[in-house]
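Q: As input, take coords.tsv (TSV, C-alpha atoms):
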chain	number	residue	atom	x	y	z
A	427	MET	CA	0.00	0.00	0.00
A	428	GLY	CA	1.56	3.27	-1.13
A	429	ASP	CA	0.76	6.70	0.23
A	430	VAL	CA	-2.07	7.26	-2.22
A	431	ALA	CA	-5.13	5.34	-3.39
A	432	GLU	CA	-4.61	2.90	-6.28
A	433	PRO	CA	-6.54	4.87	-8.96
A	434	ILE	CA	-4.52	7.98	-8.11
A	435	GLU	CA	-1.30	5.99	-8.16
A	436	ARG	CA	-2.24	4.55	-11.54
A	437	ILE	CA	-3.10	7.86	-13.21
A	438	ILE	CA	0.15	9.35	-11.88
A	439	GLU	CA	2.02	6.36	-13.34
A	440	GLU	CA	0.30	6.79	-16.73
A	441	LEU	CA	0.89	10.55	-16.81
A	442	ARG	CA	4.57	10.03	-15.99
A	443	LYS	CA	4.99	8.18	-19.27
A	444	LEU	CA	4.41	11.47	-21.09
A	445	PRO	CA	7.50	13.45	-22.10
A	446	GLY	CA	8.73	16.01	-19.57
A	447	VAL	CA	6.30	14.82	-16.88
A	448	GLY	CA	8.07	13.85	-13.65
A	449	PRO	CA	6.45	12.43	-10.50
A	450	LYS	CA	5.54	15.82	-9.03
A	451	THR	CA	4.08	17.22	-12.25
A	452	ALA	CA	2.12	13.98	-12.70
A	453	ALA	CA	0.69	14.33	-9.17
A	454	ARG	CA	-0.24	17.95	-9.81
A	455	LEU	CA	-2.02	17.01	-13.06
A	456	ALA	CA	-3.79	14.07	-11.39
A	457	TYR	CA	-5.11	16.20	-8.54
A	458	SER	CA	-6.26	18.86	-10.96
A	459	ILE	CA	-8.23	16.20	-12.86
A	460	LEU	CA	-9.74	15.08	-9.54
A	461	ARG	CA	-10.79	18.61	-8.71
A	462	ARG	CA	-12.53	19.28	-12.01
A	463	PRO	CA	-16.01	17.96	-12.96
A	464	ARG	CA	-16.41	14.46	-14.44
A	465	GLU	CA	-17.37	15.94	-17.84
A	466	ALA	CA	-13.94	17.57	-18.05
A	467	ALA	CA	-12.29	14.19	-17.40
A	468	GLU	CA	-14.58	12.61	-20.03
A	469	ARG	CA	-13.63	15.19	-22.64
A	470	LEU	CA	-9.90	14.68	-21.98
A	471	SER	CA	-10.28	10.90	-21.90
A	472	ARG	CA	-12.22	10.89	-25.18
A	473	ALA	CA	-9.82	13.31	-26.89
A	474	ILE	CA	-6.94	10.92	-26.11
A	475	LEU	CA	-8.66	7.96	-27.79
A	476	ASP	CA	-10.04	10.06	-30.66
A	477	VAL	CA	-6.65	11.38	-31.61
A	478	LYS	CA	-5.35	7.79	-31.79
A	479	ASP	CA	-8.36	6.52	-33.73
A	480	ARG	CA	-8.79	9.35	-36.21
A	481	ILE	CA	-5.22	10.42	-36.94
A	482	ARG	CA	-2.93	8.49	-39.30
A	483	TYR	CA	0.25	9.16	-41.26
A	484	CYS	CA	-0.03	11.00	-44.56
A	485	SER	CA	1.29	8.47	-47.09
A	486	ARG	CA	3.00	11.25	-49.04
A	487	CYS	CA	4.81	13.30	-46.37
A	488	ASN	CA	4.33	11.27	-43.12
A	489	ASN	CA	2.64	14.17	-41.34
A	490	PHE	CA	-0.04	13.21	-38.79
A	491	SER	CA	-3.38	13.81	-40.49
A	492	GLU	CA	-7.06	12.93	-40.44
A	493	GLU	CA	-7.08	12.73	-44.24
A	494	ASP	CA	-4.64	11.04	-46.58
A	495	PRO	CA	-3.04	12.93	-48.28
A	496	CYS	CA	-2.82	15.59	-45.56
A	497	ARG	CA	-3.96	19.18	-46.02
A	498	TYR	CA	-0.47	20.37	-47.00
A	499	CYS	CA	-0.01	17.69	-49.65
A	500	ALA	CA	-3.57	18.12	-50.94
A	501	SER	CA	-3.62	21.93	-51.04
A	502	PRO	CA	-3.65	23.44	-54.57
A	503	ASN	CA	-2.30	26.67	-53.08
A	504	ARG	CA	1.01	25.20	-51.99
A	505	SER	CA	3.93	24.93	-54.39
A	506	PRO	CA	4.93	21.35	-55.25
A	507	GLU	CA	8.39	22.64	-56.17
A	508	SER	CA	9.79	22.76	-52.67
A	509	ILE	CA	9.85	20.26	-49.82
A	510	CYS	CA	10.78	21.27	-46.30
A	511	VAL	CA	12.19	18.31	-44.35
A	512	VAL	CA	11.49	18.31	-40.60
A	513	GLU	CA	12.11	15.84	-37.78
A	514	GLU	CA	8.64	15.76	-36.23
A	515	PRO	CA	5.08	16.82	-37.17
A	516	ASN	CA	5.02	19.61	-34.60
A	517	ASP	CA	8.01	21.24	-36.32
A	518	ILE	CA	5.59	21.96	-39.18
A	519	LEU	CA	3.61	24.18	-36.83
A	520	SER	CA	6.70	26.26	-36.02
A	521	ILE	CA	7.27	26.84	-39.71
A	522	GLU	CA	3.61	27.49	-40.50
A	523	ARG	CA	3.46	30.13	-37.78
A	524	THR	CA	5.87	32.25	-39.83
A	525	ARG	CA	3.32	32.35	-42.74
A	526	ASP	CA	6.42	32.59	-44.97
A	527	TYR	CA	6.52	29.09	-46.41
A	528	ARG	CA	4.02	27.90	-49.01
A	529	GLY	CA	5.63	24.65	-50.16
A	530	GLN	CA	5.31	21.01	-49.14
A	531	TYR	CA	6.68	19.11	-46.16
A	532	HIS	CA	8.37	15.81	-45.38
A	533	VAL	CA	8.44	14.43	-41.84
A	534	LEU	CA	11.32	12.09	-40.91
A	535	HIS	CA	9.83	11.02	-37.54
A	536	GLY	CA	13.28	10.97	-36.05
A	537	VAL	CA	16.85	12.01	-36.56
A	538	LEU	CA	20.11	10.13	-37.10
A	539	SER	CA	21.60	9.25	-33.74
A	540	PRO	CA	24.30	6.56	-33.69
A	541	ILE	CA	24.48	6.85	-29.88
A	542	ASN	CA	20.81	5.88	-29.61
A	543	GLY	CA	21.13	3.33	-32.38
A	544	VAL	CA	19.04	5.33	-34.87
A	545	GLY	CA	20.31	4.83	-38.43
A	546	PRO	CA	18.94	5.93	-41.85
A	547	GLU	CA	16.76	2.78	-41.99
A	548	ASP	CA	14.87	4.07	-38.91
A	549	LEU	CA	13.85	7.33	-40.59
A	550	LYS	CA	10.82	7.58	-42.87
A	551	LEU	CA	12.68	8.29	-46.10
A	552	SER	CA	11.36	6.01	-48.84
A	553	ASN	CA	8.45	8.26	-49.86
A	554	LEU	CA	10.81	11.25	-49.99
A	555	TRP	CA	12.90	9.52	-52.66
A	556	GLU	CA	9.71	8.67	-54.56
A	557	ARG	CA	8.58	12.28	-54.57
A	558	LEU	CA	11.99	13.48	-55.76
A	559	LYS	CA	11.79	10.98	-58.64
A	560	GLU	CA	8.53	12.61	-59.82
A	561	GLY	CA	10.74	15.46	-61.07
A	562	THR	CA	8.61	18.39	-59.85
A	563	VAL	CA	10.69	19.29	-56.81
A	564	ARG	CA	13.32	22.01	-57.33
A	565	GLU	CA	14.44	22.62	-53.75
A	566	VAL	CA	14.67	20.61	-50.56
A	567	ILE	CA	14.96	22.76	-47.42
A	568	LEU	CA	16.51	20.86	-44.52
A	569	ALA	CA	14.86	22.11	-41.32
A	570	THR	CA	16.09	19.50	-38.87
A	571	ASN	CA	16.95	20.81	-35.41
A	572	PRO	CA	20.10	22.93	-34.95
A	573	ASN	CA	21.91	20.37	-32.79
A	574	VAL	CA	24.51	17.66	-33.39
A	575	GLU	CA	22.01	15.04	-34.52
A	576	GLY	CA	19.94	17.43	-36.65
A	577	GLU	CA	23.10	18.72	-38.33
A	578	ALA	CA	24.36	15.21	-39.02
A	579	THR	CA	21.01	14.26	-40.52
A	580	ALA	CA	21.00	17.36	-42.71
A	581	ILE	CA	24.53	16.58	-43.96
A	582	TYR	CA	23.52	12.97	-44.66
A	583	LEU	CA	20.43	14.00	-46.62
A	584	ALA	CA	22.26	16.74	-48.54
A	585	LYS	CA	24.85	14.21	-49.72
A	586	LEU	CA	22.14	11.92	-51.07
A	587	ILE	CA	19.95	14.60	-52.65
A	588	LYS	CA	22.60	16.81	-54.32
A	589	PRO	CA	23.57	14.25	-57.03
A	590	THR	CA	19.93	14.26	-58.23
A	591	GLY	CA	20.38	17.91	-59.28
A	592	VAL	CA	17.77	19.20	-56.84
A	593	LYS	CA	18.84	22.30	-54.88
A	594	VAL	CA	19.42	21.51	-51.19
A	595	SER	CA	19.37	24.24	-48.54
A	596	ARG	CA	19.67	24.37	-44.77
A	597	ILE	CA	17.78	26.83	-42.54
A	598	ALA	CA	20.07	29.57	-41.17
A	599	LEU	CA	21.70	28.97	-37.81
A	600	GLY	CA	22.38	32.14	-35.84
A	601	VAL	CA	21.48	34.26	-32.84
A	602	PRO	CA	17.73	34.16	-32.15
A	603	MET	CA	15.62	37.34	-32.40
A	604	GLY	CA	15.03	39.04	-29.07
A	605	SER	CA	18.02	37.34	-27.48
A	606	ASP	CA	21.19	38.91	-26.15
A	607	LEU	CA	24.64	38.40	-27.70
A	608	GLU	CA	26.02	38.24	-24.17
A	609	PHE	CA	24.26	34.92	-23.64
A	610	ALA	CA	24.88	33.35	-27.04
A	611	ASP	CA	27.01	30.19	-26.89
A	612	GLU	CA	30.20	30.00	-28.95
A	613	VAL	CA	28.87	27.62	-31.58
A	614	THR	CA	25.77	29.73	-32.23
A	615	MET	CA	27.82	32.93	-32.35
A	616	SER	CA	30.31	31.32	-34.69
A	617	ARG	CA	27.49	30.19	-36.99
A	618	ALA	CA	25.92	33.64	-36.86
A	619	LEU	CA	29.22	35.25	-37.96
A	620	GLU	CA	29.84	32.63	-40.61
A	621	GLY	CA	26.38	33.09	-42.10
A	622	ARG	CA	26.50	36.90	-42.13
A	623	HIS	CA	24.96	38.61	-45.12
A	624	GLU	CA	25.58	41.99	-46.71
A	625	MET	CA	23.04	44.70	-45.92
B	584	MET	CA	-9.42	25.29	-40.55
B	585	GLY	CA	-6.45	25.61	-38.25
B	586	ASP	CA	-2.96	24.35	-38.92
B	587	VAL	CA	-3.66	20.92	-37.42
B	588	ALA	CA	-6.35	18.26	-37.76
B	589	GLU	CA	-9.43	18.66	-35.54
B	590	PRO	CA	-8.74	15.68	-33.21
B	591	ILE	CA	-5.22	16.97	-32.59
B	592	GLU	CA	-6.54	20.49	-32.04
B	593	ARG	CA	-9.08	19.13	-29.57
B	594	ILE	CA	-6.65	17.06	-27.50
B	595	ILE	CA	-4.28	20.05	-27.35
B	596	GLU	CA	-7.18	22.20	-26.16
B	597	GLU	CA	-8.12	19.65	-23.46
B	598	LEU	CA	-4.52	19.22	-22.29
B	599	ARG	CA	-4.09	22.99	-22.04
B	600	LYS	CA	-6.76	23.06	-19.35
B	601	LEU	CA	-4.36	21.21	-17.04
B	602	PRO	CA	-2.27	23.34	-14.68
B	603	GLY	CA	1.11	24.44	-16.01
B	604	VAL	CA	0.40	23.14	-19.51
B	605	GLY	CA	0.80	25.83	-22.16
B	606	PRO	CA	0.18	25.46	-25.90
B	607	LYS	CA	3.67	24.11	-26.66
B	608	THR	CA	3.67	21.54	-23.84
B	609	ALA	CA	0.16	20.47	-24.86
B	610	ALA	CA	1.33	19.93	-28.45
B	611	ARG	CA	4.34	17.94	-27.25
B	612	LEU	CA	2.12	15.72	-25.07
B	613	ALA	CA	-0.41	15.26	-27.87
B	614	TYR	CA	2.21	14.17	-30.39
B	615	SER	CA	3.75	11.79	-27.87
B	616	ILE	CA	0.32	10.17	-27.39
B	617	LEU	CA	0.03	9.90	-31.18
B	618	ARG	CA	3.39	8.19	-31.42
B	619	ARG	CA	2.69	5.58	-28.77
B	620	PRO	CA	0.53	2.45	-29.26
B	621	ARG	CA	-3.25	2.62	-28.87
B	622	GLU	CA	-3.11	0.51	-25.69
B	623	ALA	CA	-1.03	3.23	-24.02
B	624	ALA	CA	-3.69	5.81	-24.94
B	625	GLU	CA	-6.37	3.44	-23.63
B	626	ARG	CA	-4.61	3.04	-20.30
B	627	LEU	CA	-4.21	6.80	-19.87
B	628	SER	CA	-7.78	7.46	-20.99
B	629	ARG	CA	-9.14	4.84	-18.57
B	630	ALA	CA	-6.98	6.03	-15.67
B	631	ILE	CA	-8.45	9.52	-16.08
B	632	LEU	CA	-12.04	8.29	-15.79
B	633	ASP	CA	-11.23	5.74	-13.07
B	634	VAL	CA	-9.69	8.34	-10.83
B	635	LYS	CA	-12.86	10.43	-11.16
B	636	ASP	CA	-15.20	7.48	-10.61
B	637	ARG	CA	-13.42	5.76	-7.76
B	638	ILE	CA	-12.00	8.61	-5.74
B	639	ARG	CA	-14.17	10.66	-3.35
B	640	TYR	CA	-13.66	13.00	-0.39
B	641	CYS	CA	-13.00	11.45	3.02
B	642	SER	CA	-15.92	12.70	5.13
B	643	ARG	CA	-13.62	13.12	8.12
B	644	CYS	CA	-10.58	14.95	6.73
B	645	ASN	CA	-11.57	15.82	3.10
B	646	ASN	CA	-8.60	13.95	1.65
B	647	PHE	CA	-9.13	12.32	-1.75
B	648	SER	CA	-9.65	8.62	-1.08
B	649	GLU	CA	-11.10	5.42	-2.47
B	650	GLU	CA	-12.49	4.50	0.96
B	651	ASP	CA	-14.37	6.65	3.46
B	652	PRO	CA	-12.85	7.24	5.98
B	653	CYS	CA	-9.49	7.46	4.21
B	654	ARG	CA	-6.46	5.35	5.15
B	655	TYR	CA	-5.06	8.09	7.41
B	656	CYS	CA	-8.31	8.54	9.34
B	657	ALA	CA	-8.90	4.78	9.53
B	658	SER	CA	-5.38	3.77	10.55
B	659	PRO	CA	-5.05	2.48	14.14
B	660	ASN	CA	-1.34	3.30	13.96
B	661	ARG	CA	-1.83	7.03	13.64
B	662	SER	CA	-2.32	9.24	16.66
B	663	PRO	CA	-5.79	10.83	16.88
B	664	GLU	CA	-4.29	13.52	19.10
B	665	SER	CA	-2.86	15.66	16.36
B	666	ILE	CA	-4.31	17.04	13.15
B	667	CYS	CA	-2.13	18.51	10.45
B	668	VAL	CA	-4.06	21.06	8.37
B	669	VAL	CA	-3.03	21.34	4.71
B	670	GLU	CA	-4.36	23.25	1.74
B	671	GLU	CA	-4.53	20.41	-0.78
B	672	PRO	CA	-4.46	16.59	-0.75
B	673	ASN	CA	-1.07	16.44	-2.46
B	674	ASP	CA	0.44	18.41	0.42
B	675	ILE	CA	-0.17	15.27	2.49
B	676	LEU	CA	2.28	13.41	0.28
B	677	SER	CA	5.01	15.99	0.98
B	678	ILE	CA	4.52	15.45	4.70
B	679	GLU	CA	4.25	11.66	4.47
B	680	ARG	CA	7.54	11.53	2.56
B	681	THR	CA	9.34	12.77	5.69
B	682	ARG	CA	8.10	9.66	7.64
B	683	ASP	CA	8.17	12.01	10.67
B	684	TYR	CA	4.46	12.58	11.15
B	685	ARG	CA	2.11	9.89	12.49
B	686	GLY	CA	-1.00	11.92	13.24
B	687	GLN	CA	-4.15	12.79	11.32
B	688	TYR	CA	-4.79	15.30	8.55
B	689	HIS	CA	-7.34	17.88	7.55
B	690	VAL	CA	-7.53	19.17	3.98
B	691	LEU	CA	-8.92	22.67	3.45
B	692	HIS	CA	-9.15	22.41	-0.36
B	693	GLY	CA	-8.15	26.02	-0.65
B	694	VAL	CA	-6.73	28.96	1.20
B	695	LEU	CA	-8.07	32.35	2.26
B	696	SER	CA	-7.61	34.80	-0.56
B	697	PRO	CA	-9.60	38.03	-0.42
B	698	ILE	CA	-8.14	39.06	-3.79
B	699	ASN	CA	-9.64	35.96	-5.43
B	700	GLY	CA	-12.83	36.23	-3.40
B	701	VAL	CA	-12.07	33.15	-1.28
B	702	GLY	CA	-13.40	33.57	2.26
B	703	PRO	CA	-13.63	31.16	5.22
B	704	GLU	CA	-17.01	29.89	3.92
B	705	ASP	CA	-15.22	28.57	0.81
B	706	LEU	CA	-12.85	26.36	2.81
B	707	LYS	CA	-13.82	22.89	4.02
B	708	LEU	CA	-13.84	23.65	7.74
B	709	SER	CA	-17.06	22.32	9.29
B	710	ASN	CA	-15.77	18.77	9.85
B	711	LEU	CA	-12.59	20.16	11.43
B	712	TRP	CA	-14.67	21.91	14.10
B	713	GLU	CA	-16.62	18.68	14.64
B	714	ARG	CA	-13.44	16.71	15.19
B	715	LEU	CA	-12.11	19.29	17.63
B	716	LYS	CA	-15.36	19.03	19.60
B	717	GLU	CA	-14.75	15.29	20.06
B	718	GLY	CA	-12.09	16.30	22.60
B	719	THR	CA	-9.35	13.87	21.53
B	720	VAL	CA	-7.22	16.34	19.60
B	721	ARG	CA	-4.39	17.97	21.56
B	722	GLU	CA	-2.55	19.76	18.78
B	723	VAL	CA	-3.40	21.25	15.42
B	724	ILE	CA	-0.38	21.74	13.15
B	725	LEU	CA	-1.00	24.39	10.53
B	726	ALA	CA	0.85	23.33	7.37
B	727	THR	CA	-0.62	25.75	4.87
B	728	ASN	CA	1.80	27.04	2.25
B	729	PRO	CA	4.51	29.50	3.34
B	730	ASN	CA	3.14	32.41	1.33
B	731	VAL	CA	0.89	35.38	2.06
B	732	GLU	CA	-2.37	33.48	1.68
B	733	GLY	CA	-1.18	30.40	3.55
B	734	GLU	CA	0.10	32.56	6.42
B	735	ALA	CA	-3.16	34.51	6.58
B	736	THR	CA	-5.11	31.25	6.67
B	737	ALA	CA	-2.88	29.91	9.45
B	738	ILE	CA	-3.36	33.08	11.51
B	739	TYR	CA	-7.13	32.93	10.93
B	740	LEU	CA	-7.34	29.28	12.03
B	741	ALA	CA	-5.04	29.82	15.03
B	742	LYS	CA	-7.32	32.61	16.27
B	743	LEU	CA	-10.35	30.33	16.12
B	744	ILE	CA	-8.73	27.19	17.56
B	745	LYS	CA	-6.73	28.69	20.45
B	746	PRO	CA	-9.78	29.58	22.59
B	747	THR	CA	-10.78	25.88	22.58
B	748	GLY	CA	-7.61	25.11	24.55
B	749	VAL	CA	-6.09	22.94	21.82
B	750	LYS	CA	-2.41	23.66	21.12
B	751	VAL	CA	-1.93	25.31	17.72
B	752	SER	CA	1.42	25.22	15.96
B	753	ARG	CA	2.73	26.40	12.61
B	754	ILE	CA	5.34	24.50	10.57
B	755	ALA	CA	8.69	26.30	10.75
B	756	LEU	CA	9.93	28.49	7.99
B	757	GLY	CA	12.49	25.96	6.92
B	758	VAL	CA	10.42	25.91	3.77
B	759	PRO	CA	11.48	28.93	1.73
B	760	MET	CA	8.98	31.83	1.53
B	761	GLY	CA	7.13	32.22	-1.75
B	762	SER	CA	7.45	28.57	-2.71
B	763	ASP	CA	4.94	25.73	-2.73
B	764	LEU	CA	4.76	22.68	-0.39
B	765	GLU	CA	4.36	20.49	-3.40
B	766	PHE	CA	7.96	21.11	-4.42
B	767	ALA	CA	9.60	20.88	-1.00
B	768	ASP	CA	12.31	18.26	-0.63
B	769	GLU	CA	12.10	15.80	2.26
B	770	VAL	CA	14.83	17.36	4.39
B	771	THR	CA	13.38	20.85	4.19
B	772	MET	CA	9.93	19.48	4.91
B	773	SER	CA	11.29	17.48	7.84
B	774	ARG	CA	12.99	20.57	9.32
B	775	ALA	CA	9.80	22.51	8.93
B	776	LEU	CA	7.87	19.91	10.91
B	777	GLU	CA	10.54	19.67	13.58
B	778	GLY	CA	10.80	23.42	14.11
B	779	ARG	CA	7.08	24.11	14.45
B	780	HIS	CA	6.21	26.74	17.05
B	781	GLU	CA	3.12	27.45	19.07
B	782	MET	CA	0.92	30.27	17.83
Could you quickly redo this structure as structure tokens?
A:
Amino acid sequence: MGDVAEPIERIIEELRKLPGVGPKTAARLAYSILRRPREAAERLSRAILDVKDRIRYCSRCNNFSEEDPCRYCASPNRSPESICVVEEPNDILSIERTRDYRGQYHVLHGVLSPINGVGPEDLKLSNLWERLKEGTVREVILATNPNVEGEATAIYLAKLIKPTGVKVSRIALGVPMGSDLEFADEVTMSRALEGRHEM
Amino acid sequence: MGDVAEPIERIIEELRKLPGVGPKTAARLAYSILRRPREAAERLSRAILDVKDRIRYCSRCNNFSEEDPCRYCASPNRSPESICVVEEPNDILSIERTRDYRGQYHVLHGVLSPINGVGPEDLKLSNLWERLKEGTVREVILATNPNVEGEATAIYLAKLIKPTGVKVSRIALGVPMGSDLEFADEVTMSRALEGRHEM
């Protein structure tokens, strides 16, 4: 017998399996669910199953989507000439928020990481090669994360795509807007200098 | 039409209603649920409803519990001579982790807060007065949070309890001001119990 009742213990255990949720956060979430009306718990409970039942992978770009192809692949207003490669579906949201990109996407669902035993065969790549073979794509923008693994993945993909004649670009790495140079780490600062452009 | 599919939008919306979960955390949690097997989503979904269906208030101390009275009120190994008053049920866990306290509890489910319109009538107090009338209790330990509202609540309760002749003490300020009991480490919490002073 632990310090708390079994149903509370169990929900805390289930919540802890979510990313970034430690034991204390899980307890706080559990007690907040307990304090709210049953309908609120029902809505949350249903939303969790619904998202699993109604969302699948887009067969073209691997984005999570209710329809296949997804809204980005199906949209007539988005250029088929450029594909932006991202690690995860939520990276698409970061890019969409800029309202600057009107091309297609490709989601890898991972990143090369020899330390964690993730190789090219673990990334969703086959449908990317198929789309490149169609001959419509003119540019692939590599928008993997600006860290060791994201960089390595970008370099790996660039090496494979360049010989096909398609332009390959990498998002700029530099000091973030609203930040302070004083707090920029050496690698970021070095990249920011390296990637300077004439004004 | 937003940037994401409706079921994803809905689960993000539901997750955002949890404390400390902003839009980005909610998206991260939602995508992690999407990535895991359906059985994992089922377990989480079921745990959420179970905790609502099986957990009720202890009629004696207001703790969340599967049984009534709760394990603390029902335990023959816990002294009925002292009651530790806390704001929320999870505060009990912070105190239990010290293994230093073997008395009873009382959960207020709130704290006096004139700014938020919370007065004494909004706290669960009636069953505390009933228990004090039983005549067994010799000490009430006030373990409300060490912040303005928790202090005000402790002072309010001390004023009401003292005339009954029961000893009233306040946990020591070993817990840093402005923080939350939920995040106290065991040693700090233990010191706070040890250094309690009469009010």
Q: Hey, which bits of chain B sit within 8 Å of chain A, and for each residue what's the closest pair of atoms and how far apart in Å (one decimal), counting only C-alpha atoms, rows by chain and increasing number, as a tab-separated table?
A:
residue	atom	partner	partner_atom	distance
B:Asp586	CA	A:Leu519	CA	6.9
B:Val587	CA	A:Ser491	CA	7.7
B:Ala588	CA	A:Ser491	CA	6.0
B:Glu589	CA	A:Glu492	CA	7.9
B:Pro590	CA	A:Val477	CA	5.0
B:Ile591	CA	A:Val477	CA	5.9
B:Arg593	CA	A:Ala473	CA	6.4
B:Ile594	CA	A:Ala473	CA	4.9
B:Glu597	CA	A:Leu470	CA	5.5
B:Leu598	CA	A:Leu470	CA	7.0
B:Leu601	CA	A:Leu455	CA	6.2
B:Pro602	CA	A:Leu455	CA	6.5
B:Ala610	CA	A:Asn516	CA	7.2
B:Arg611	CA	A:Pro445	CA	7.5
B:Leu612	CA	A:Leu444	CA	6.3
B:Tyr614	CA	A:Asn516	CA	7.4
B:Ser615	CA	A:Leu444	CA	6.8
B:Ile616	CA	A:Ile474	CA	7.4
B:Leu617	CA	A:Lys478	CA	5.8
B:Arg621	CA	A:Lys478	CA	6.3
B:Ala624	CA	A:Leu475	CA	6.1
B:Glu625	CA	A:Leu475	CA	6.6
B:Arg626	CA	A:Glu440	CA	7.1
B:Leu627	CA	A:Glu440	CA	5.5
B:Ser628	CA	A:Ser471	CA	4.3
B:Arg629	CA	A:Ser471	CA	7.0
B:Ala630	CA	A:Ile437	CA	4.9
B:Ile631	CA	A:Ala467	CA	6.2
B:Leu632	CA	A:Ala467	CA	6.1
B:Asp633	CA	A:Pro433	CA	6.3
B:Val634	CA	A:Pro433	CA	5.0
B:Lys635	CA	A:Leu460	CA	5.8
B:Arg637	CA	A:Pro433	CA	7.0
B:Ile638	CA	A:Pro433	CA	7.4
B:Ser648	CA	A:Ala431	CA	6.0
B:Glu649	CA	A:Ala431	CA	6.0
B:Pro672	CA	A:Tyr457	CA	7.8
B:Asn673	CA	A:Ala453	CA	7.3
B:Leu676	CA	A:Asp429	CA	6.9
B:Glu679	CA	A:Asp429	CA	7.4
B:Glu765	CA	A:Lys450	CA	7.4
B:Phe766	CA	A:Lys450	CA	7.4
Q: How close is chain B to chain A in C-alpha RMSD after a least-squares fit, all Cα atoms in order?
A: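 It comes to 5.5 Å after superposition.
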Q: CA of Asp611 in chain A and CA of Arg596 in chain A are how many Å apart?
A: 20.2 Å
Q: Excluding Arg557 in chain A and its own-chain neighbours fewer than 6 positions away, which residues fall within 10 Å of it when counting all atoms listed in the file? Please give them as number ranges by chain.
A: A: 486-487, 506, 509, 532, 563
Q: Would you mind reading off the distance between CA of Pro659 in chain B and CA of Ser752 in chain B, one decimal, in Å?
A: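 Interatomic distance here is 23.7 Å.
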Q: Can you pull out every residue within 12 Å of Cys667 in chain B, counting only C-alpha atoms, but drop anything in the same chain fewer than 5 positions away, and send it as an NGL selection string?
A: :B and (644 or 646 or 655-656 or 661-662 or 672 or 674-675 or 678-679 or 684-691 or 711 or 720-727 or 737 or 750-754 or 776 or 779)
